[in-house]
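This report concerns only the one structure given below.
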Amino acid sequence: MAAFLMFGNYSQDALSGISPRRTEEFVQLVAQNGGSVRAMFATLGEIDLVLVVDLPSVETAARVSIEVAKKMGIRLNTHPAIAVKDFDLLMTSGTSD
């Protein structure tokens, strides 16, 4: 399972749909695509939402991002995330120190 950071911005129409029900719809959409939601934060400034999700693949993350935009009016900028300890190992494997 891969981790993804999703940075979201509401469209003008999406602002009027903010509700616990829509949040649950997002959680269900992620689950229907084989994933889970680790954390969700509303933020102030240029970014409206920061979501941390686990999904099976980059392709699945793309599908979820597009579905959220189409169904909920929230544009997501989605980034794969690698734990720093795993990234350190990845960058140093096969090299001599």
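Simple scheme: letters A, B, ... for chains in structure tokens order, numbers from 1 for residues in each chain, numbers from 1 for ligands in the order shown.
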Could you pull out all residues of chain A with a DSSP call of helix (DSSP H, G or I) and give them as a ChimeraX atom specification?
/A:12-15,20-32,58-72,84-92
Could you save the residues just selected, with C-alpha atoms, as a PDB file, in the first residue's frame?
```
ATOM      1  CA  GLN A  12     -17.152  27.812  -5.452  1.00  0.00           C
ATOM      2  CA  ASP A  13     -19.953  25.219  -5.749  1.00  0.00           C
ATOM      3  CA  ALA A  14     -18.102  22.754  -3.511  1.00  0.00           C
ATOM      4  CA  LEU A  15     -18.054  25.255  -0.645  1.00  0.00           C
ATOM      5  CA  PRO A  20     -20.048  15.340   7.392  1.00  0.00           C
ATOM      6  CA  ARG A  21     -21.964  13.331   4.756  1.00  0.00           C
ATOM      7  CA  ARG A  22     -19.623  14.442   1.952  1.00  0.00           C
ATOM      8  CA  THR A  23     -16.602  13.709   4.123  1.00  0.00           C
ATOM      9  CA  GLU A  24     -17.951  10.182   4.669  1.00  0.00           C
ATOM     10  CA  GLU A  25     -18.500   9.839   0.902  1.00  0.00           C
ATOM     11  CA  PHE A  26     -14.796  10.593   0.405  1.00  0.00           C
ATOM     12  CA  VAL A  27     -13.791   7.997   3.011  1.00  0.00           C
ATOM     13  CA  GLN A  28     -16.062   5.444   1.304  1.00  0.00           C
ATOM     14  CA  LEU A  29     -14.662   6.281  -2.144  1.00  0.00           C
ATOM     15  CA  VAL A  30     -11.132   5.638  -0.889  1.00  0.00           C
ATOM     16  CA  ALA A  31     -12.250   2.347   0.723  1.00  0.00           C
ATOM     17  CA  GLN A  32     -14.043   1.245  -2.475  1.00  0.00           C
ATOM     18  CA  VAL A  58      -0.525   5.679  -8.417  1.00  0.00           C
ATOM     19  CA  GLU A  59      -3.195   4.718 -10.939  1.00  0.00           C
ATOM     20  CA  THR A  60      -5.731   4.233  -8.158  1.00  0.00           C
ATOM     21  CA  ALA A  61      -4.770   7.580  -6.614  1.00  0.00           C
ATOM     22  CA  ALA A  62      -5.351   9.234 -10.001  1.00  0.00           C
ATOM     23  CA  ARG A  63      -8.773   7.609 -10.297  1.00  0.00           C
ATOM     24  CA  VAL A  64      -9.782   8.756  -6.800  1.00  0.00           C
ATOM     25  CA  SER A  65      -8.521  12.292  -7.467  1.00  0.00           C
ATOM     26  CA  ILE A  66     -10.539  12.573 -10.680  1.00  0.00           C
ATOM     27  CA  GLU A  67     -13.669  11.109  -9.082  1.00  0.00           C
ATOM     28  CA  VAL A  68     -13.467  13.617  -6.237  1.00  0.00           C
ATOM     29  CA  ALA A  69     -13.173  16.487  -8.721  1.00  0.00           C
ATOM     30  CA  LYS A  70     -16.097  15.210 -10.809  1.00  0.00           C
ATOM     31  CA  LYS A  71     -18.457  14.291  -7.976  1.00  0.00           C
ATOM     32  CA  MET A  72     -17.530  16.765  -5.248  1.00  0.00           C
ATOM     33  CA  VAL A  84      11.908   9.174   5.243  1.00  0.00           C
ATOM     34  CA  LYS A  85      13.467   5.999   6.700  1.00  0.00           C
ATOM     35  CA  ASP A  86      12.412   4.088   3.569  1.00  0.00           C
ATOM     36  CA  PHE A  87      13.584   6.927   1.323  1.00  0.00           C
ATOM     37  CA  ASP A  88      16.984   6.945   3.043  1.00  0.00           C
ATOM     38  CA  LEU A  89      17.344   3.198   2.425  1.00  0.00           C
ATOM     39  CA  LEU A  90      16.206   3.559  -1.172  1.00  0.00           C
ATOM     40  CA  MET A  91      18.755   6.303  -1.845  1.00  0.00           C
ATOM     41  CA  THR A  92      21.641   4.469  -0.196  1.00  0.00           C
TER      42      THR A  92
END
```
Spatial neighbours of region 3-10 of chain A, 7 Å, only C-alpha atoms, chain gap at least 3 places, as a ChimeraX atom specification
/A:14-15,47-55,73-82
Residues just named, written with C-alpha atoms as a short mmCIF file (atom, residue, chain, number, x, y, z; two decimals), in the first residue's frame:
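For reference, result_6.cif as written:
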```
data_model
loop_
_atom_site.label_atom_id
_atom_site.label_comp_id
_atom_site.auth_asym_id
_atom_site.auth_seq_id
_atom_site.Cartn_x
_atom_site.Cartn_y
_atom_site.Cartn_z
CA ALA A 14 -18.10 22.75 -3.51
CA LEU A 15 -18.05 25.26 -0.65
CA ILE A 47 -4.81 25.08 0.29
CA ASP A 48 -8.23 24.18 1.70
CA LEU A 49 -7.63 20.52 2.58
CA VAL A 50 -4.72 18.21 3.35
CA LEU A 51 -5.59 14.52 3.13
CA VAL A 52 -3.31 11.59 3.91
CA VAL A 53 -4.47 8.36 2.32
CA ASP A 54 -3.17 4.88 1.60
CA LEU A 55 -4.02 3.48 -1.84
CA GLY A 73 -16.00 19.76 -7.01
CA ILE A 74 -12.77 19.51 -5.03
CA ARG A 75 -9.59 19.68 -7.10
CA LEU A 76 -6.88 17.49 -5.58
CA ASN A 77 -3.17 17.82 -6.20
CA THR A 78 -1.96 14.31 -5.34
CA HIS A 79 1.60 13.35 -4.40
CA PRO A 80 3.06 9.94 -3.56
CA ALA A 81 4.75 9.99 -0.15
CA ILE A 82 7.62 7.79 1.05
#
```
Give the strand (DSSP E or B) residues of chain A, as assigned by DSSP on the backbone, as a ChimeraX atom specification.
/A:2-10,36-42,49-55,74-81
In Å to one decimal, how far is CA of Ser36 (chain A) from CA of Pro56 (chain A)?
9.7 Å
